[in-house]
Structure formats: structure tokens, C-alpha cells
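Q: What follows is the file data_14.pdb, containing PDB, C-alpha atoms:
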ATOM      1  CA  ARG A   1      29.154  89.051  66.720
ATOM      2  CA  ALA A   2      30.449  87.088  63.675
ATOM      3  CA  GLU A   3      27.219  85.119  63.459
ATOM      4  CA  ALA A   4      25.208  88.329  63.690
ATOM      5  CA  ASP A   5      27.216  89.798  60.842
ATOM      6  CA  ALA A   6      26.625  86.615  58.843
ATOM      7  CA  ALA A   7      22.891  86.809  59.514
ATOM      8  CA  SER A   8      22.832  90.415  58.392
ATOM      9  CA  ALA A   9      24.663  89.413  55.230
ATOM     10  CA  ARG A  10      22.152  86.632  54.655
ATOM     11  CA  ALA A  11      19.314  89.100  55.187
ATOM     12  CA  SER A  12      20.822  91.439  52.632
ATOM     13  CA  GLN A  13      21.308  88.542  50.224
ATOM     14  CA  VAL A  14      17.707  87.401  50.694
ATOM     15  CA  SER A  15      16.516  90.934  50.134
ATOM     16  CA  SER A  16      18.524  91.151  46.913
ATOM     17  CA  THR A  17      17.294  87.759  45.748
ATOM     18  CA  SER A  18      13.735  88.646  46.564
ATOM     19  CA  ALA A  19      14.082  91.830  44.614
ATOM     20  CA  ALA A  20      15.517  90.014  41.594
ATOM     21  CA  ALA A  21      13.204  86.977  41.636
ATOM     22  CA  PRO A  22       9.503  87.249  40.989
ATOM     23  CA  ALA A  23       7.630  86.654  44.193
ATOM     24  CA  THR A  24       4.580  87.796  45.874
ATOM     25  CA  PRO A  25       4.826  90.667  48.322
ATOM     26  CA  SER A  26       3.641  88.572  51.232
ATOM     27  CA  THR A  27       6.246  85.853  50.671
ATOM     28  CA  ALA A  28       9.167  88.285  50.307
ATOM     29  CA  GLY A  29       8.127  90.214  53.393
ATOM     30  CA  ALA A  30       7.835  87.047  55.446
ATOM     31  CA  ASP A  31      11.294  85.833  54.459
ATOM     32  CA  ALA A  32      12.910  89.212  55.184
ATOM     33  CA  ALA A  33      11.191  89.499  58.529
ATOM     34  CA  GLY A  34      12.311  85.989  59.492
ATOM     35  CA  VAL A  35      15.892  86.658  58.553
ATOM     36  CA  ILE A  36      15.896  89.977  60.417
ATOM     37  CA  ALA A  37      14.362  88.377  63.452
ATOM     38  CA  LEU A  38      16.966  85.603  63.356
ATOM     39  CA  ALA A  39      19.754  88.155  63.008
ATOM     40  CA  GLN A  40      18.384  90.188  65.891
ATOM     41  CA  ARG A  41      18.016  87.100  68.061
ATOM     42  CA  LEU A  42      21.556  85.969  67.294
ATOM     43  CA  HIS A  43      22.812  89.459  67.926
ATOM     44  CA  ASP A  44      21.026  89.627  71.267
ATOM     45  CA  GLU A  45      22.331  86.199  72.251
ATOM     46  CA  HIS A  46      25.884  87.101  71.413
ATOM     47  CA  VAL A  47      25.572  90.425  73.187
ATOM     48  CA  ALA A  48      24.254  88.628  76.238
ATOM     49  CA  ALA A  49      27.036  86.037  75.992
ATOM     50  CA  GLY A  50      29.605  88.877  75.660
ATOM     51  CA  GLU A  51      28.153  90.625  78.716
ATOM     52  CA  SER A  52      28.248  87.387  80.659
ATOM     53  CA  ARG A  53      31.812  86.702  79.565
ATOM     54  CA  ARG A  54      32.804  90.263  80.397
ATOM     55  CA  ASN A  55      31.241  90.016  83.834
ATOM     56  CA  GLN A  56      32.935  86.664  84.338
ATOM     57  CA  LEU A  57      36.321  88.087  83.313
ATOM     58  CA  ILE A  58      35.811  91.111  85.564
ATOM     59  CA  THR A  59      34.926  88.830  88.453
ATOM     60  CA  GLU A  60      37.946  86.646  87.782
ATOM     61  CA  ALA A  61      40.162  89.727  87.469
ATOM     62  CA  GLU A  62      38.892  91.143  90.751
ATOM     63  CA  SER A  63      39.329  87.789  92.427
ATOM     64  CA  ARG A  64      42.835  87.513  90.998
ATOM     65  CA  HIS A  65      43.560  91.058  92.045
ATOM     66  CA  ALA A  66      42.389  90.336  95.571
ATOM     67  CA  GLU A  67      44.395  87.119  95.592
ATOM     68  CA  LEU A  68      47.509  88.919  94.380
ATOM     69  CA  LEU A  69      46.998  91.658  96.934
ATOM     70  CA  SER A  70      46.659  89.090  99.673
ATOM     71  CA  THR A  71      49.694  87.173  98.463
ATOM     72  CA  GLY A  72      51.673  90.384  98.044
ATOM     73  CA  GLN A  73      50.715  91.590 101.495
ATOM     74  CA  ALA A  74      51.698  88.233 102.985
ATOM     75  CA  LYS A  75      54.982  88.301 101.080
ATOM     76  CA  TYR A  76      55.541  91.870 102.183
ATOM     77  CA  ASP A  77      54.826  90.979 105.781
ATOM     78  CA  GLN A  78      57.158  88.004 105.474
ATOM     79  CA  LEU A  79      59.915  90.116 103.961
ATOM     80  CA  VAL A  80      59.417  92.810 106.565
ATOM     81  CA  GLY A  81      59.554  90.209 109.313
ATOM     82  CA  THR A  82      62.631  88.590 107.778
ATOM     83  CA  GLY A  83      64.276  91.962 107.252
ATOM     84  CA  GLN A  84      63.523  92.989 110.812
ATOM     85  CA  ALA A  85      64.929  89.708 112.078
ATOM     86  CA  LYS A  86      68.032  90.168 109.946
ATOM     87  CA  HIS A  87      68.301  93.745 111.124
ATOM     88  CA  ASP A  88      68.028  92.669 114.747
ATOM     89  CA  GLU A  89      70.602  89.945 114.155
ATOM     90  CA  ALA A  90      72.917  92.427 112.434
ATOM     91  CA  VAL A  91      72.508  94.879 115.326
ATOM     92  CA  ARG A  92      73.223  92.133 117.853
ATOM     93  CA  ARG A  93      76.240  90.959 115.868
ATOM     94  CA  ALA A  94      77.496  94.523 115.533
ATOM     95  CA  GLU A  95      77.132  95.032 119.279
ATOM     96  CA  GLU A  96      79.041  91.809 119.928
ATOM     97  CA  ILE A  97      81.812  92.868 117.520
ATOM     98  CA  SER A  98      81.928  96.331 119.096
ATOM     99  CA  ALA A  99      82.157  94.835 122.583
ATOM    100  CA  ALA A 100      84.872  92.436 121.469
ATOM    101  CA  ALA A 101      86.767  95.264 119.756
ATOM    102  CA  THR A 102      86.486  97.413 122.887
ATOM    103  CA  ALA A 103      87.750  94.580 125.059
ATOM    104  CA  GLU A 104      90.635  93.917 122.650
ATOM    105  CA  ARG A 105      91.460  97.624 122.548
ATOM    106  CA  ASP A 106      91.493  97.828 126.356
ATOM    107  CA  ARG A 107      93.687  94.723 126.542
ATOM    108  CA  MET A 108      96.142  96.110 123.989
ATOM    109  CA  ILE A 109      96.205  99.478 125.766
ATOM    110  CA  GLY A 110      96.933  97.718 129.037
ATOM    111  CA  GLU A 111      99.711  95.657 127.476
ATOM    112  CA  ALA A 112     101.145  98.738 125.773
ATOM    113  CA  THR A 113     101.057 100.698 129.034
ATOM    114  CA  ALA A 114     102.778  97.884 130.920
ATOM    115  CA  LYS A 115     105.343  97.512 128.144
ATOM    116  CA  ARG A 116     105.956 101.257 128.130
ATOM    117  CA  ASP A 117     106.473 101.315 131.888
ATOM    118  CA  GLN A 118     108.841  98.366 131.641
ATOM    119  CA  MET A 119     110.800  99.956 128.803
ATOM    120  CA  LEU A 120     110.907 103.261 130.710
ATOM    121  CA  ALA A 121     112.272 101.527 133.816
ATOM    122  CA  GLU A 122     114.844  99.646 131.735
ATOM    123  CA  ALA A 123     115.845 102.826 129.922
ATOM    124  CA  THR A 124     116.211 104.694 133.231
ATOM    125  CA  ALA A 125     118.329 101.902 134.692
ATOM    126  CA  LYS A 126     120.446 101.760 131.534
ATOM    127  CA  ARG A 127     120.873 105.528 131.585
ATOM    128  CA  ASP A 128     121.996 105.484 135.234
ATOM    129  CA  GLU A 129     124.396 102.640 134.487
ATOM    130  CA  MET A 130     125.848 104.474 131.516
ATOM    131  CA  LEU A 131     126.169 107.691 133.515
ATOM    132  CA  THR A 132     127.984 105.864 136.302
ATOM    133  CA  GLU A 133     130.245 104.145 133.807
ATOM    134  CA  ALA A 134     130.859 107.441 132.022
ATOM    135  CA  ARG A 135     131.754 109.151 135.302
ATOM    136  CA  GLU A 136     134.120 106.329 136.206
ATOM    137  CA  ARG A 137     135.677 106.347 132.772
ATOM    138  CA  SER A 138     135.883 110.123 132.881
ATOM    139  CA  THR A 139     137.667 109.987 136.219
ATOM    140  CA  GLY A 140     140.019 107.304 134.937
ATOM    141  CA  MET A 141     140.605 109.191 131.718
ATOM    142  CA  VAL A 142     141.329 112.400 133.603
ATOM    143  CA  ALA A 143     143.872 110.616 135.808
ATOM    144  CA  GLU A 144     145.399 108.921 132.782
ATOM    145  CA  ALA A 145     145.488 112.213 130.939
ATOM    146  CA  GLN A 146     147.193 113.886 133.846
ATOM    147  CA  GLN A 147     149.756 111.099 133.988
ATOM    148  CA  ARG A 148     150.339 111.348 130.277
ATOM    149  CA  LYS A 149     150.579 115.121 130.559
ATOM    150  CA  ALA A 150     153.180 114.851 133.336
ATOM    151  CA  ALA A 151     155.146 112.273 131.332
ATOM    152  CA  LEU A 152     154.917 114.428 128.227
ATOM    153  CA  LEU A 153     156.039 117.531 130.095
ATOM    154  CA  ASP A 154     158.936 115.603 131.575
ATOM    155  CA  GLU A 155     159.900 114.342 128.126
ATOM    156  CA  LEU A 156     159.601 117.855 126.721
ATOM    157  CA  GLU A 157     161.753 119.181 129.529
ATOM    158  CA  LYS A 158     164.391 116.586 128.728
ATOM    159  CA  GLN A 159     164.255 117.456 125.045
ATOM    160  CA  LYS A 160     164.453 121.153 125.928
ATOM    161  CA  SER A 161     167.581 120.530 128.005
ATOM    162  CA  LEU A 162     169.072 118.538 125.168
ATOM    163  CA  LEU A 163     168.226 121.247 122.679
ATOM    164  CA  ASP A 164     169.658 123.881 124.992
ATOM    165  CA  ARG A 165     172.920 121.944 125.147
ATOM    166  CA  LYS A 166     172.931 121.605 121.375
ATOM    167  CA  ILE A 167     172.220 125.295 121.024
ATOM    168  CA  GLU A 168     175.124 126.104 123.360
ATOM    169  CA  GLU A 169     177.338 123.763 121.377
ATOM    170  CA  LEU A 170     176.259 125.424 118.137
ATOM    171  CA  ARG A 171     176.897 128.835 119.616
ATOM    172  CA  GLY A 172     180.401 127.740 120.716
ATOM    173  CA  PHE A 173     180.997 126.283 117.263
ATOM    174  CA  GLU A 174     179.745 129.463 115.645
ATOM    175  CA  LYS A 175     181.962 131.543 117.916
ATOM    176  CA  ASN A 176     185.020 129.439 117.098
ATOM    177  CA  TYR A 177     184.090 129.454 113.430
ATOM    178  CA  ARG A 178     183.723 133.200 113.397
ATOM    179  CA  THR A 179     187.054 133.602 115.253
ATOM    180  CA  ASN A 180     188.810 131.252 112.871
ATOM    181  CA  LEU A 181     187.172 132.855 109.864
ATOM    182  CA  LYS A 182     188.127 136.298 111.089
ATOM    183  CA  SER A 183     191.738 135.220 111.673
ATOM    184  CA  TYR A 184     191.860 133.651 108.221
ATOM    185  CA  ILE A 185     190.423 136.723 106.536
ATOM    186  CA  GLU A 186     192.752 139.001 108.414
ATOM    187  CA  GLY A 187     195.684 136.770 107.441
ATOM    188  CA  GLN A 188     194.617 136.876 103.807
ATOM    189  CA  LEU A 189     194.269 140.630 103.922
ATOM    190  CA  HIS A 190     197.620 140.952 105.524
ATOM    191  CA  SER A 191     199.107 138.765 102.826
ATOM    192  CA  LEU A 192     197.525 140.927 100.136
ATOM    193  CA  ASP A 193     198.783 144.063 101.737
ATOM    194  CA  SER A 194     202.289 142.672 101.950
ATOM    195  CA  GLY A 195     202.192 141.359  98.363
ATOM    196  CA  VAL A 196     202.607 137.775  99.406
ATOM    197  CA  VAL A 197     200.376 135.397  97.550
ATOM    198  CA  GLU A 198     200.025 131.762  98.351
ATOM    199  CA  PRO A 199     201.610 129.653  95.642
ATOM    200  CA  GLY A 200     199.205 127.991  93.226
ATOM    201  CA  ARG A 201     196.326 130.454  93.908
ATOM    202  CA  PRO A 202     195.703 133.526  91.807
ATOM    203  CA  VAL A 203     195.280 136.791  93.570
ATOM    204  CA  ASP A 204     191.652 137.143  92.422
ATOM    205  CA  ALA A 205     190.835 133.630  93.581
ATOM    206  CA  GLN A 206     192.444 134.242  96.900
ATOM    207  CA  ARG A 207     190.666 137.565  97.132
ATOM    208  CA  HIS A 208     187.313 136.060  96.321
ATOM    209  CA  GLY A 209     188.091 132.975  98.328
TER     210      GLY A 209
END
Just dump the structure as C-alpha cells.

A:
Amino acid sequence: RAEADAASARASQVSSTSAAAPATPSTAGADAAGVIALAQRLHDEHVAAGESRRNQLITEAESRHAELLSTGQAKYDQLVGTGQAKHDEAVRRAEEISAAATAERDRMIGEATAKRDQMLAEATAKRDEMLTEARERSTGMVAEAQQRKAALLDELEKQKSLLDRKIEELRGFEKNYRTNLKSYIEGQLHSLDSGVVEPGRPVDAQRHG
């Protein structure tokens, strides 16, 4: 295309030169026709070369496209196969883990059940032992309490007898005191009535005494 443009420019230049320079009509026409023919030939050659190059590029592009499609399909198939294999492996591994987890769960449940039964039996035995011990201690404590109650009642009875004696003594003392006090008061009144006052004591003091 660049050479065709150059040829066209040369044809224009030749035409201008031919117009400016004195020449015969036949000579100028021949030169212009030659230049135009050369430009046309170059143009046609370059157009043909461009078509050929375009067809070559299209062919290469289609070939590359087909090659890429084939490679992509192969890669896709490979990835799909690998993914499926990984998926199958993951499923198998998950099933193995699930089976192992189930077995471990069953084992732990069995151990827990056995342990629970053992602990229940031990707790029942301990409860019975404690109940028996509590009954025995309760019986012993009741007997001891009864003994202590009897001893306490006996001690209280002794203290009551002692207090009764003290009360009787206090009553006798009170009776004697009242009798003596009454005799003294009567004597003092008698002395007042008779005008006899004890020496060293005023009448008011004796009266209030």
C-alpha cells in the first residue's frame, strides 16, 4: 500500500512536470500511462499480497483456535478427571472418618454405660451401708439419750430434794425471823407506851428503828 501511494505520488509529479515542461503530447501521454500502469500493478500486487497474508493469518488463527480448543478440552477433561478422583477420595475418606467416629462413639457410649452401672452399684451399696450405719448409730444414740435422760432426771430429782430442804429451811428461818421481829416490835411498842426508852437511842430513832 505504501509503494502504491508512492507510485501515485510519482504519477502526479510526472503529470505536473509534463505540464510544466515543453513536451510533445505523445511523449507526455506515454510517460503518464506507464506510471499509472506501474502504480496499478504495484497496487494489485500489494492487494494480492495483503489478501494472501490475511488468508494466512486467518488460517493460522483458526488452526491456533482449534489447537487451543483441543488443549483446553484436554485440560478440562484432565481437571474433571482429577476433580472426580479427588471427590471420590474425599468421599471415601469422609466415609472412613464417619465410620471411625461411629465406632469411637459406640465405644465411648459402652464405656460410659458400664461406668454408670458401676457407679450406680457403688452408690447403692454405699447408700445401704450408710443407712445401716445410721440405723445403728440412731439406735445407739437413742439408748445413750435415754440413759442421759434418766441420769439427768435423777440429778434433777436430787437437786429438787435439796432445794425443797433449803426452801423448808428458809421457811423455818422466815417463821423464826417473823416471830422474833414481831416480839421485838411488840416490845418496842410496849416500851413506848410505858414511856421507857432505851438509853442512848432517841425516841424517833427507836420508833423508826

Q: Distance atom CA of Thr132 of chain A-atom CA of Lys115 of chain A, one decimal place?

A: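 Those two atoms sit 25.5 Å apart.
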
Q: What gap, in Å, lies between atom CA of Arg92 of chain A and atom CA of Val80 of chain A?

A: 17.8 Å

Q: Could you state the separation of atom CA of Ala100 of chain A and atom CA of Asp117 of chain A in Å, given to one decimal place?

A: 25.6 Å

Q: Padding 3 Å on each side, edges along x, y and z: where is the centre of the box around the listed atoms of segment 120-130 of chain A, and how long are its edges in Å to one decimal? Output it as AutoDock Vina command-line options.

A:
--center_x 118.4 --center_y 102.6 --center_z 132.6 --size_x 20.9 --size_y 11.9 --size_z 11.3
